[in-house]
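Coordinates as given in query-v3.txt (compact mmCIF, N, CA and C atoms):
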# COMPACT_ATOMS: atom_id res chain seq x y z
N MET A 1 104.52 39.66 107.53
CA MET A 1 104.81 39.16 106.21
C MET A 1 105.42 37.76 106.34
N ARG A 2 105.05 36.88 105.47
CA ARG A 2 105.53 35.50 105.50
C ARG A 2 107.00 35.43 105.11
N GLN A 3 107.76 34.65 105.89
CA GLN A 3 109.17 34.42 105.61
C GLN A 3 109.39 32.93 105.45
N ILE A 4 110.09 32.53 104.39
CA ILE A 4 110.32 31.13 104.10
C ILE A 4 111.81 30.85 104.20
N PRO A 5 112.24 29.98 105.14
CA PRO A 5 113.66 29.65 105.23
C PRO A 5 114.11 28.89 103.98
N VAL A 6 115.31 29.18 103.50
CA VAL A 6 115.84 28.54 102.31
C VAL A 6 117.02 27.66 102.71
N GLU A 7 116.94 26.37 102.40
CA GLU A 7 118.00 25.42 102.70
C GLU A 7 119.08 25.53 101.62
N THR A 8 120.32 25.77 102.02
CA THR A 8 121.39 26.00 101.05
C THR A 8 122.50 24.96 101.10
N SER A 9 122.44 23.98 102.00
CA SER A 9 123.56 23.06 102.20
C SER A 9 123.88 22.21 100.97
N ALA A 10 122.91 21.90 100.12
CA ALA A 10 123.16 21.08 98.94
C ALA A 10 123.46 21.92 97.70
N ALA A 11 123.43 23.23 97.82
CA ALA A 11 123.62 24.12 96.68
C ALA A 11 125.08 24.59 96.57
N THR A 12 125.45 24.95 95.36
CA THR A 12 126.72 25.63 95.12
C THR A 12 126.38 27.11 94.98
N VAL A 13 127.01 27.95 95.80
CA VAL A 13 126.71 29.38 95.79
C VAL A 13 128.00 30.15 95.59
N MET A 14 127.99 31.05 94.59
CA MET A 14 129.17 31.87 94.28
C MET A 14 128.75 33.31 94.05
N VAL A 15 129.66 34.23 94.33
CA VAL A 15 129.38 35.65 94.11
C VAL A 15 129.32 35.89 92.61
N ALA A 16 128.24 36.51 92.15
CA ALA A 16 128.07 36.89 90.75
C ALA A 16 128.43 38.36 90.53
N GLN A 17 128.23 39.18 91.56
CA GLN A 17 128.57 40.61 91.50
C GLN A 17 128.93 41.06 92.90
N THR A 18 129.98 41.84 93.02
CA THR A 18 130.46 42.26 94.33
C THR A 18 129.38 43.07 95.07
N PRO A 19 129.43 43.06 96.42
CA PRO A 19 128.43 43.76 97.21
C PRO A 19 128.38 45.26 96.90
N GLU A 20 127.16 45.78 96.92
CA GLU A 20 126.93 47.21 96.71
C GLU A 20 125.90 47.68 97.73
N PRO A 21 125.96 48.96 98.11
CA PRO A 21 124.94 49.47 99.03
C PRO A 21 123.54 49.35 98.40
N LYS A 22 122.57 48.98 99.23
CA LYS A 22 121.18 48.87 98.76
C LYS A 22 120.57 50.27 98.80
N VAL A 23 120.05 50.72 97.68
CA VAL A 23 119.47 52.05 97.59
C VAL A 23 117.99 51.96 97.94
N ARG A 24 117.60 52.78 98.91
CA ARG A 24 116.19 52.80 99.34
C ARG A 24 115.36 53.68 98.42
N ASP A 25 115.91 54.81 98.04
CA ASP A 25 115.19 55.77 97.19
C ASP A 25 116.11 56.21 96.06
N ARG A 26 115.80 55.80 94.84
CA ARG A 26 116.66 56.11 93.69
C ARG A 26 116.70 57.61 93.38
N ARG A 27 115.62 58.30 93.70
CA ARG A 27 115.59 59.74 93.42
C ARG A 27 116.56 60.51 94.30
N THR A 28 116.64 60.11 95.58
CA THR A 28 117.51 60.85 96.51
C THR A 28 118.85 60.18 96.75
N GLY A 29 118.96 58.90 96.36
CA GLY A 29 120.19 58.15 96.60
C GLY A 29 120.31 57.64 98.03
N GLU A 30 119.22 57.73 98.81
CA GLU A 30 119.24 57.28 100.20
C GLU A 30 119.54 55.78 100.27
N ILE A 31 120.48 55.42 101.16
CA ILE A 31 120.87 54.03 101.35
C ILE A 31 119.95 53.39 102.39
N ALA A 32 119.52 52.16 102.12
CA ALA A 32 118.63 51.43 103.02
C ALA A 32 119.36 50.98 104.28
N THR A 33 118.64 50.98 105.38
CA THR A 33 119.20 50.51 106.65
C THR A 33 118.25 49.50 107.28
N ASP A 34 118.80 48.64 108.12
CA ASP A 34 118.01 47.65 108.84
C ASP A 34 117.17 48.38 109.87
N THR A 35 115.88 48.10 109.91
CA THR A 35 114.98 48.81 110.83
C THR A 35 115.25 48.48 112.29
N GLU A 36 115.76 47.28 112.57
CA GLU A 36 116.03 46.88 113.96
C GLU A 36 117.39 47.34 114.47
N THR A 37 118.43 47.19 113.63
CA THR A 37 119.79 47.47 114.10
C THR A 37 120.35 48.80 113.61
N GLY A 38 119.78 49.32 112.53
CA GLY A 38 120.30 50.55 111.94
C GLY A 38 121.50 50.32 111.04
N ALA A 39 121.91 49.06 110.86
CA ALA A 39 123.06 48.74 110.01
C ALA A 39 122.74 49.04 108.55
N LYS A 40 123.74 49.51 107.83
CA LYS A 40 123.60 49.76 106.39
C LYS A 40 123.37 48.43 105.69
N LEU A 41 122.42 48.40 104.75
CA LEU A 41 122.12 47.18 104.00
C LEU A 41 122.88 47.16 102.68
N MET A 42 123.34 45.97 102.32
CA MET A 42 124.08 45.76 101.09
C MET A 42 123.32 44.76 100.23
N THR A 43 123.59 44.78 98.94
CA THR A 43 123.03 43.84 98.00
C THR A 43 124.17 43.03 97.40
N VAL A 44 124.02 41.71 97.42
CA VAL A 44 125.02 40.81 96.83
C VAL A 44 124.28 39.91 95.84
N ASN A 45 124.73 39.92 94.59
CA ASN A 45 124.17 39.00 93.61
C ASN A 45 124.97 37.71 93.67
N VAL A 46 124.27 36.58 93.85
CA VAL A 46 124.94 35.29 93.92
C VAL A 46 124.37 34.33 92.89
N MET A 47 125.24 33.43 92.42
CA MET A 47 124.80 32.34 91.56
C MET A 47 124.44 31.19 92.48
N PHE A 48 123.23 30.70 92.38
CA PHE A 48 122.72 29.63 93.24
C PHE A 48 122.44 28.44 92.35
N ALA A 49 123.27 27.39 92.44
CA ALA A 49 123.13 26.21 91.59
C ALA A 49 122.70 25.02 92.43
N LEU A 50 121.63 24.35 91.99
CA LEU A 50 121.11 23.19 92.70
C LEU A 50 120.43 22.25 91.70
N ASN A 51 120.82 20.99 91.71
CA ASN A 51 120.21 19.97 90.84
C ASN A 51 120.21 20.36 89.36
N GLY A 52 121.29 20.97 88.89
CA GLY A 52 121.40 21.33 87.48
C GLY A 52 120.72 22.64 87.09
N ASP A 53 120.03 23.28 88.03
CA ASP A 53 119.40 24.57 87.76
C ASP A 53 120.23 25.68 88.38
N VAL A 54 120.38 26.78 87.65
CA VAL A 54 121.16 27.91 88.14
C VAL A 54 120.30 29.17 88.11
N GLU A 55 120.31 29.89 89.21
CA GLU A 55 119.58 31.16 89.32
C GLU A 55 120.54 32.22 89.83
N ILE A 56 120.32 33.46 89.45
CA ILE A 56 121.03 34.58 90.05
C ILE A 56 120.07 35.19 91.06
N LEU A 57 120.49 35.19 92.34
CA LEU A 57 119.67 35.76 93.40
C LEU A 57 120.26 37.07 93.86
N ASN A 58 119.41 38.03 94.07
CA ASN A 58 119.78 39.33 94.61
C ASN A 58 119.48 39.25 96.10
N VAL A 59 120.54 39.17 96.93
CA VAL A 59 120.38 38.94 98.36
C VAL A 59 120.72 40.21 99.14
N THR A 60 119.84 40.62 100.05
CA THR A 60 120.09 41.76 100.92
C THR A 60 120.72 41.25 102.21
N VAL A 61 121.81 41.92 102.63
CA VAL A 61 122.57 41.50 103.80
C VAL A 61 123.03 42.75 104.55
N PRO A 62 122.99 42.74 105.89
CA PRO A 62 123.57 43.87 106.63
C PRO A 62 125.07 43.96 106.34
N GLU A 63 125.58 45.16 106.25
CA GLU A 63 127.01 45.35 105.94
C GLU A 63 127.90 44.57 106.90
N THR A 64 127.48 44.46 108.16
CA THR A 64 128.26 43.74 109.17
C THR A 64 128.31 42.24 108.91
N GLY A 65 127.45 41.72 108.05
CA GLY A 65 127.40 40.29 107.76
C GLY A 65 128.14 39.88 106.50
N ILE A 66 128.89 40.80 105.91
CA ILE A 66 129.60 40.50 104.68
C ILE A 66 131.08 40.31 104.98
N SER A 67 131.62 39.13 104.60
CA SER A 67 133.03 38.87 104.85
C SER A 67 133.90 39.64 103.85
N GLU A 68 135.17 39.75 104.17
CA GLU A 68 136.13 40.47 103.32
C GLU A 68 136.32 39.76 101.98
N ASP A 69 136.77 40.51 101.01
CA ASP A 69 137.20 39.98 99.71
C ASP A 69 136.16 39.14 98.97
N LEU A 70 134.94 39.62 98.91
CA LEU A 70 133.93 38.93 98.10
C LEU A 70 134.02 39.47 96.68
N THR A 71 134.68 38.72 95.82
CA THR A 71 134.82 39.10 94.42
C THR A 71 134.07 38.10 93.56
N MET A 72 133.88 38.44 92.30
CA MET A 72 133.14 37.58 91.38
C MET A 72 133.79 36.19 91.36
N GLY A 73 132.95 35.16 91.52
CA GLY A 73 133.42 33.79 91.48
C GLY A 73 133.79 33.19 92.83
N THR A 74 133.80 34.01 93.89
CA THR A 74 134.13 33.51 95.22
C THR A 74 133.03 32.58 95.73
N PRO A 75 133.37 31.34 96.12
CA PRO A 75 132.35 30.47 96.71
C PRO A 75 131.97 31.02 98.09
N VAL A 76 130.68 31.02 98.40
CA VAL A 76 130.21 31.60 99.66
C VAL A 76 129.17 30.71 100.33
N ALA A 77 128.98 30.97 101.62
CA ALA A 77 127.89 30.36 102.40
C ALA A 77 126.91 31.48 102.73
N LEU A 78 125.63 31.18 102.65
CA LEU A 78 124.58 32.13 103.00
C LEU A 78 123.98 31.70 104.33
N THR A 79 124.19 32.49 105.37
CA THR A 79 123.68 32.17 106.70
C THR A 79 122.31 32.81 106.89
N GLY A 80 121.34 32.01 107.33
CA GLY A 80 120.01 32.53 107.63
C GLY A 80 119.26 33.06 106.43
N LEU A 81 119.43 32.42 105.27
CA LEU A 81 118.75 32.89 104.06
C LEU A 81 117.25 32.64 104.16
N ILE A 82 116.48 33.68 103.89
CA ILE A 82 115.02 33.57 103.85
C ILE A 82 114.50 34.18 102.55
N ALA A 83 113.34 33.73 102.14
CA ALA A 83 112.65 34.27 100.97
C ALA A 83 111.35 34.90 101.45
N ARG A 84 111.04 36.07 100.91
CA ARG A 84 109.79 36.76 101.24
C ARG A 84 109.04 37.11 99.95
N PRO A 85 107.87 36.53 99.76
CA PRO A 85 107.08 36.93 98.60
C PRO A 85 106.60 38.38 98.79
N TRP A 86 106.56 39.14 97.70
CA TRP A 86 106.07 40.51 97.79
C TRP A 86 105.18 40.81 96.58
N GLU A 87 104.33 41.83 96.78
CA GLU A 87 103.42 42.26 95.72
C GLU A 87 103.12 43.73 95.95
N ASN A 88 103.10 44.50 94.87
CA ASN A 88 102.70 45.90 95.00
C ASN A 88 102.06 46.37 93.70
N GLU A 89 101.52 47.55 93.77
CA GLU A 89 100.91 48.15 92.59
C GLU A 89 101.51 49.53 92.41
N PHE A 90 101.96 49.82 91.18
CA PHE A 90 102.57 51.11 90.88
C PHE A 90 102.01 51.59 89.55
N ASN A 91 101.42 52.76 89.55
CA ASN A 91 100.80 53.33 88.34
C ASN A 91 99.82 52.36 87.69
N GLY A 92 99.03 51.67 88.52
CA GLY A 92 98.01 50.78 88.01
C GLY A 92 98.51 49.42 87.57
N GLN A 93 99.81 49.16 87.68
CA GLN A 93 100.34 47.87 87.28
C GLN A 93 100.76 47.08 88.51
N LYS A 94 100.27 45.85 88.58
CA LYS A 94 100.65 44.98 89.70
C LYS A 94 101.99 44.31 89.39
N ARG A 95 102.81 44.25 90.42
CA ARG A 95 104.11 43.59 90.33
C ARG A 95 104.24 42.63 91.50
N HIS A 96 105.00 41.58 91.30
CA HIS A 96 105.23 40.64 92.38
C HIS A 96 106.58 39.95 92.19
N GLY A 97 107.08 39.35 93.25
CA GLY A 97 108.35 38.65 93.16
C GLY A 97 108.71 38.04 94.50
N ILE A 98 109.97 37.67 94.62
CA ILE A 98 110.49 37.10 95.85
C ILE A 98 111.74 37.88 96.22
N ALA A 99 111.79 38.37 97.45
CA ALA A 99 112.96 39.07 97.97
C ALA A 99 113.74 38.11 98.86
N PHE A 100 115.07 38.13 98.73
CA PHE A 100 115.92 37.26 99.53
C PHE A 100 116.73 38.09 100.51
N ARG A 101 116.84 37.58 101.73
CA ARG A 101 117.60 38.27 102.77
C ARG A 101 118.40 37.24 103.54
N ALA A 102 119.64 37.59 103.89
CA ALA A 102 120.50 36.69 104.67
C ALA A 102 121.11 37.46 105.83
N VAL A 103 121.45 36.74 106.87
CA VAL A 103 122.13 37.32 108.02
C VAL A 103 123.58 37.61 107.65
N ALA A 104 124.19 36.68 106.87
CA ALA A 104 125.59 36.84 106.49
C ALA A 104 125.90 36.14 105.18
N VAL A 105 126.89 36.68 104.47
CA VAL A 105 127.48 36.05 103.29
C VAL A 105 128.96 35.89 103.61
N THR A 106 129.40 34.63 103.72
CA THR A 106 130.75 34.35 104.17
C THR A 106 131.54 33.63 103.09
N SER A 107 132.74 34.11 102.81
CA SER A 107 133.60 33.50 101.82
C SER A 107 134.04 32.11 102.26
N LEU A 108 133.94 31.14 101.36
CA LEU A 108 134.45 29.79 101.63
C LEU A 108 135.86 29.63 101.08
N ALA A 109 136.32 30.59 100.29
CA ALA A 109 137.67 30.54 99.72
C ALA A 109 138.71 30.64 100.82
N GLU A 110 138.44 31.45 101.86
CA GLU A 110 139.37 31.61 102.97
C GLU A 110 139.53 30.29 103.72
N ALA A 111 138.43 29.56 103.91
CA ALA A 111 138.48 28.29 104.62
C ALA A 111 139.28 27.27 103.82
N GLY A 112 139.07 27.26 102.49
CA GLY A 112 139.81 26.33 101.62
C GLY A 112 141.29 26.65 101.59
N ALA A 113 141.63 27.94 101.59
CA ALA A 113 143.03 28.36 101.56
C ALA A 113 143.71 27.98 102.86
N SER A 114 143.02 28.11 103.98
CA SER A 114 143.57 27.75 105.28
C SER A 114 143.86 26.25 105.34
N LYS A 115 142.96 25.43 104.80
CA LYS A 115 143.15 23.99 104.82
C LYS A 115 144.36 23.60 103.95
N SER A 116 144.53 24.28 102.80
CA SER A 116 145.64 23.97 101.90
C SER A 116 146.96 24.30 102.55
N LYS A 117 147.03 25.42 103.26
CA LYS A 117 148.27 25.82 103.92
C LYS A 117 148.62 24.88 105.06
N ALA A 118 147.61 24.33 105.72
CA ALA A 118 147.84 23.45 106.86
C ALA A 118 148.32 22.06 106.42
N ALA A 119 148.00 21.67 105.20
CA ALA A 119 148.33 20.32 104.72
C ALA A 119 149.80 20.16 104.36

What's the structure tokens form of this structure?
Amino acid sequence: MRQIPVETSAATVMVAQTPEPKVRDRRTGEIATDTETGAKLMTVNVMFALNGDVEILNVTVPETGISEDLTMGTPVALTGLIARPWENEFNGQKRHGIAFRAVAVTSLAEAGASKSKAA
């Protein structure tokens, strides 16, 4: 499947909704896991602002890649963000979209607080 790297250095990224476990099967409540590492997958909604445009992205991240204290409004960095186009058919209806995945979501508030205390 095609993976497209997403450049985030010029964007403002903030947590829009706190991380939640990614559900693989809604009927059974099974939580999704990374096929390579077995790590539990989480979903983090982030506000991604660039050049006056704002989008809410639903980003999948391994639980081990989520920093502490990610609350609504926390500025974050997205490490290794990729976009994957997807398409499927369910009950005769075609659906398509873009799935986002990152290696890590790291709070930038901690870095700013550390700099303020040092000054």

**Prompt:** In terms of the shortest atom-to-atom distance over all atoms listed in the file, which of A:Ile31, A:Val6, A:Leu41, A:Ala99 is closest to Thr64 in chain A?
**Reply:**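 Nearest to Thr64 in chain A: A:Leu41.
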
**Prompt:** Per DSSP on the backbone, what are the alpha helix (DSSP H) residues of chain A, as an MDAnalysis selection string?
**Reply:** chainID A and resid 109:118

Mind working out the centre and edge lengths of an axis-aligned box for range 19-32 of chain A, all listed atoms inside, 6 Å added to each side, rounded to one decimal in Å and written as AutoDock Vina command-line options?
--center_x 122.3 --center_y 52.0 --center_z 98.8 --size_x 26.2 --size_y 29.8 --size_z 22.9

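Taking atom N of Met42 in chain A and atom C of Gly29 in chain A as endpoints, the distance between them is 12.8 Å.
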
**Message:** Residues near Ile56 in chain A, anyone? I mean within 7 Å using all atoms listed in the file, not counting same-chain ones fewer than 6 positions away, as a list in words.
**Reply:**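 Close residues of Ile56 in chain A: Asn45, Val46, Met47 and Phe48 of chain A.
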
**Asked** Using all atoms listed in the file, which residues sit within 7 Å of Glu68 in chain A once same-chain residues fewer than 3 positions away are excluded, as a VMD selection string?
**Response** chain A and resid 71 106 to 107
